[in-house]
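Shown below: my_file_28.cif, with mmCIF, C-alpha atoms.
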data_protein
#
loop_
_atom_site.label_atom_id
_atom_site.label_comp_id
_atom_site.auth_asym_id
_atom_site.auth_seq_id
_atom_site.Cartn_x
_atom_site.Cartn_y
_atom_site.Cartn_z
CA MET A 1177 0.00 0.00 0.00
CA ARG A 1178 2.85 2.36 0.82
CA ARG A 1179 4.37 1.80 -2.61
CA ARG A 1180 1.05 2.60 -4.29
CA VAL A 1181 0.72 5.83 -2.29
CA VAL A 1182 4.33 6.83 -3.03
CA ASP A 1183 3.88 5.95 -6.73
CA LYS A 1184 0.86 8.25 -6.81
CA ALA A 1185 2.82 11.04 -5.10
CA LEU A 1186 5.69 10.68 -7.59
CA LYS A 1187 3.55 10.45 -10.70
CA PRO A 1188 3.67 14.24 -11.30
CA LEU A 1189 7.49 13.94 -11.43
CA GLY A 1190 7.17 11.52 -14.35
CA VAL A 1191 9.17 8.75 -12.70
CA THR A 1192 8.17 5.11 -12.35
CA ARG A 1193 8.71 2.94 -9.27
CA SER A 1194 11.49 1.03 -10.98
CA GLN A 1195 13.21 4.26 -11.98
CA TRP A 1196 13.03 5.92 -8.59
CA TRP A 1197 14.22 2.72 -6.93
CA VAL A 1198 17.36 2.71 -9.13
CA LEU A 1199 17.90 6.42 -8.55
CA ALA A 1200 17.48 5.99 -4.79
CA PHE A 1201 20.15 3.27 -4.67
CA LEU A 1202 22.51 5.40 -6.73
CA SER A 1203 21.91 8.40 -4.48
CA ARG A 1204 23.31 6.34 -1.59
CA SER A 1205 26.09 4.68 -3.56
CA ASP A 1206 26.78 6.58 -6.76
CA GLY A 1207 29.02 4.83 -9.26
CA MET A 1208 27.86 1.29 -8.51
CA SER A 1209 28.59 -1.30 -11.14
CA GLN A 1210 25.59 -2.51 -13.12
CA VAL A 1211 26.13 -6.01 -11.72
CA ALA A 1212 26.16 -4.81 -8.09
CA LEU A 1213 23.11 -2.64 -8.72
CA ALA A 1214 21.25 -5.59 -10.29
CA ASP A 1215 22.11 -7.71 -7.24
CA GLU A 1216 20.98 -5.01 -4.79
CA LEU A 1217 17.69 -4.50 -6.62
CA ASP A 1218 17.21 -8.24 -7.19
CA LEU A 1219 16.81 -7.62 -10.92
CA GLY A 1220 18.17 -9.48 -13.89
CA LYS A 1221 21.13 -7.87 -15.63
CA VAL A 1222 19.21 -7.47 -18.90
CA ALA A 1223 16.18 -5.90 -17.23
CA LEU A 1224 18.40 -3.50 -15.30
CA GLY A 1225 20.38 -2.67 -18.43
CA GLN A 1226 17.16 -1.68 -20.21
CA LEU A 1227 16.02 0.38 -17.24
CA ILE A 1228 19.35 2.17 -17.05
CA GLY A 1229 19.17 2.75 -20.80
CA ARG A 1230 15.85 4.57 -20.36
CA LEU A 1231 17.23 6.60 -17.46
CA GLU A 1232 20.26 7.47 -19.57
CA LYS A 1233 18.07 8.67 -22.45
CA THR A 1234 16.20 10.99 -20.10
CA GLY A 1235 19.49 12.35 -18.79
CA PHE A 1236 19.18 11.10 -15.19
CA VAL A 1237 22.17 8.74 -15.23
CA SER A 1238 25.30 8.07 -17.23
CA ARG A 1239 27.25 4.85 -17.70
CA ARG A 1240 31.02 4.85 -17.72
CA ALA A 1241 33.62 2.13 -17.99
CA ASP A 1242 35.43 1.31 -14.76
CA GLU A 1243 38.89 2.86 -14.66
CA GLU A 1244 40.56 -0.43 -13.70
CA ASP A 1245 38.41 -2.91 -15.63
CA ARG A 1246 36.91 -1.59 -18.86
CA ARG A 1247 34.44 -4.51 -18.99
CA VAL A 1248 32.72 -3.19 -15.85
CA LYS A 1249 30.12 -0.46 -16.41
CA ARG A 1250 29.53 1.95 -13.57
CA VAL A 1251 26.33 3.98 -13.25
CA PHE A 1252 26.40 7.58 -12.04
CA LEU A 1253 23.70 10.11 -11.32
CA THR A 1254 23.87 13.21 -13.51
CA ARG A 1255 23.11 16.69 -12.18
CA ARG A 1256 19.62 16.25 -13.57
CA GLY A 1257 19.32 12.93 -11.72
CA GLN A 1258 20.53 14.50 -8.47
CA SER A 1259 17.96 17.26 -8.88
CA LEU A 1260 15.23 14.68 -9.42
CA ILE A 1261 16.35 12.77 -6.31
CA ALA A 1262 15.96 15.95 -4.26
CA ARG A 1263 12.42 16.40 -5.59
CA ILE A 1264 11.63 12.72 -4.95
CA ARG A 1265 12.89 12.97 -1.36
CA GLU A 1266 10.80 16.06 -0.75
CA SER A 1267 7.67 14.42 -2.14
CA VAL A 1268 8.25 11.16 -0.25
CA SER A 1269 8.89 13.08 2.98
CA VAL A 1270 5.54 14.85 2.70
CA THR A 1271 3.82 11.56 1.91
CA GLU A 1272 5.46 9.75 4.84
CA LYS A 1273 4.35 12.49 7.22
CA GLU A 1274 0.79 11.97 5.99
CA ILE A 1275 1.13 8.19 6.46
CA LEU A 1276 2.28 8.60 10.07
CA GLU A 1277 -0.02 11.53 10.85
CA LYS A 1278 -2.40 9.87 13.35
CA ILE A 1279 0.09 7.56 15.06
CA GLU A 1280 1.30 8.42 18.55
CA GLU A 1281 5.06 8.82 19.08
CA ALA A 1282 5.13 6.01 21.68
CA ASP A 1283 3.49 3.65 19.21
CA LEU A 1284 6.06 4.54 16.55
CA ARG A 1285 8.92 3.89 18.99
CA ALA A 1286 7.43 0.51 20.02
CA THR A 1287 6.97 -0.44 16.36
CA GLY A 1288 10.56 0.54 15.60
CA ARG A 1289 11.85 -1.61 18.48
CA ALA A 1290 9.74 -4.58 17.35
CA LEU A 1291 10.95 -4.27 13.75
CA ARG A 1292 14.60 -4.03 14.84
CA LEU A 1293 14.19 -7.20 16.93
CA MET A 1294 12.55 -9.00 14.01
CA LYS A 1295 15.46 -7.97 11.81
CA GLU A 1296 17.97 -9.25 14.38
CA ASN A 1297 16.09 -12.56 14.58
CA LEU A 1298 15.99 -12.88 10.79
CA LEU A 1299 19.70 -12.10 10.46
CA ALA A 1300 20.52 -14.69 13.14
CA MET A 1301 18.36 -17.24 11.32
CA ILE A 1302 20.16 -16.53 8.05
CA VAL A 1303 23.59 -16.87 9.68
CA ASP A 1304 22.53 -20.10 11.42
CA GLY A 1305 21.22 -21.45 8.10
CA GLU A 1306 24.45 -20.58 6.29
CA GLU A 1307 26.56 -22.21 9.02
CA SER A 1308 24.37 -25.30 8.84
CA ASP A 1309 24.68 -25.40 5.04
CA ALA A 1310 28.48 -25.13 5.30
CA THR A 1311 28.59 -27.97 7.85
CA ASP A 1312 26.34 -30.15 5.67
CA ALA A 1313 28.57 -29.52 2.63
CA ALA A 1314 31.73 -30.54 4.53
#

With the file now loaded, output its structure as structure tokens.
Amino acid sequence: MRRRVVDKALKPLGVTRSQWWVLAFLSRSDGMSQVALADELDLGKVALGQLIGRLEKTGFVSRRADEEDRRVKRVFLTRRGQSLIARIRESVSVTEKEILEKIEEADLRATGRALRLMKENLLAMIVDGEESDATDAA
């Protein structure tokens, strides 16, 4: 539901969910390789390549060869992309305030604590599963 509300808020900016998701990742780690970006977004390399191609045509990103390994393509936000990210953040901030509007501060803190504990439990389960897999393989 949150994604639908955010999509609606971002529609006037002319950016799709897939596009703003790519731009958001780049805003936190500009210059990622296409392969790393595909892994982070859980997208296929071809699908991401097409998405980046569209973003490149609109002037929001540019692709450049890695300085050490020319086979690696790195993706960078352009000035236009950085400007769009600022507008996206502003729009999402307003939307998130509306989403949280009628929720008491104490309830938000309790929810945050519960979510952090769930994350810790999930991470521990993943680590335990990986250790078990490694033991089984040996």

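This file gives the following result for the PyMOL selection byres ((chain A and resi 1232) around 12): Gln1195, Val1198, Leu1199, Leu1224, Gly1225, Gln1226, Leu1227, Ile1228, Gly1229, Arg1230, Leu1231, Lys1233, Thr1234, Gly1235, Phe1236, Val1237, Ser1238, Arg1239, Arg1240, Val1251, Phe1252, Leu1253, Thr1254, Arg1256 and Gly1257 of chain A.
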
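Within the file as shown, the PyMOL selection byres ((chain A and resi 1266-1272) around 9) identifies Arg1178, Val1181, Val1182, Ala1185, Leu1186, Ile1261, Ala1262, Arg1263, Ile1264, Arg1265, Lys1273, Glu1274, Ile1275, Leu1276 and Glu1277 of chain A.
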
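What separates atom CA of A:Leu1213 from atom CA of A:Trp1196 is a distance of 13.2 Å.
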
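Between atom CA of A:Asp1245 and atom CA of A:Glu1216 the interatomic distance comes to 20.6 Å.
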
Best match for closeness to A:Asp1218 among A:Thr1287, A:Ser1194, A:Ser1308, A:Ser1259, counting all atoms listed in the file: A:Ser1194

Using all atoms listed in the file, tabulate the residues of stretch 1193-1283 of chain A lying at most 12 Å from any atom of stretch 1288-1307 of chain A, each with its closest atom pair and that distance in Å to one decimal, by chain and increasing residue number, as JSON lines.
{"residue": "A:Glu1281", "atom": "CA", "partner": "A:Gly1288", "partner_atom": "CA", "distance": 10.5}
{"residue": "A:Ala1282", "atom": "CA", "partner": "A:Gly1288", "partner_atom": "CA", "distance": 9.8}
{"residue": "A:Asp1283", "atom": "CA", "partner": "A:Gly1288", "partner_atom": "CA", "distance": 8.5}

Separation of atom CA of A:Arg1250 from atom CA of A:Gly1190, in Å and rounded to one decimal: 24.3 Å

Of the listed residues A:Met1208, A:Val1248, A:Leu1260, A:Asp1215, that which approaches A:Pro1188 most closely, counting all atoms listed in the file: A:Leu1260

Give me, as a compact mmCIF listing (two decimals) with C-alpha atoms, in the frame of the given file, all polymer residues having an atom no more than 12 Å from A:Arg1247, counting all atoms listed in the file and skipping those fewer than 5 positions away in the same chain.
# COMPACT_ATOMS: atom_id res chain seq x y z
CA SER A 1209 28.59 -1.30 -11.14
CA GLN A 1210 25.59 -2.51 -13.12
CA VAL A 1211 26.13 -6.01 -11.72
CA ARG A 1239 27.25 4.85 -17.70
CA ARG A 1240 31.02 4.85 -17.72
CA ALA A 1241 33.62 2.13 -17.99
CA ASP A 1242 35.43 1.31 -14.76

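Checking A:Ile1279, A:Ala1212, A:Ala1223, A:Leu1284 one by one against A:Lys1249, counting all atoms listed in the file, you find the shortest gap at A:Ala1212.
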
Box in all listed atoms of stretch 1236-1250 of chain A, axis-aligned, with 5 Å more on each side; write out centre and edge lengths in Å to one decimal as JSON.
{"center_x": 29.9, "center_y": 3.3, "center_z": -16.3, "size_x": 31.4, "size_y": 25.6, "size_z": 15.4}
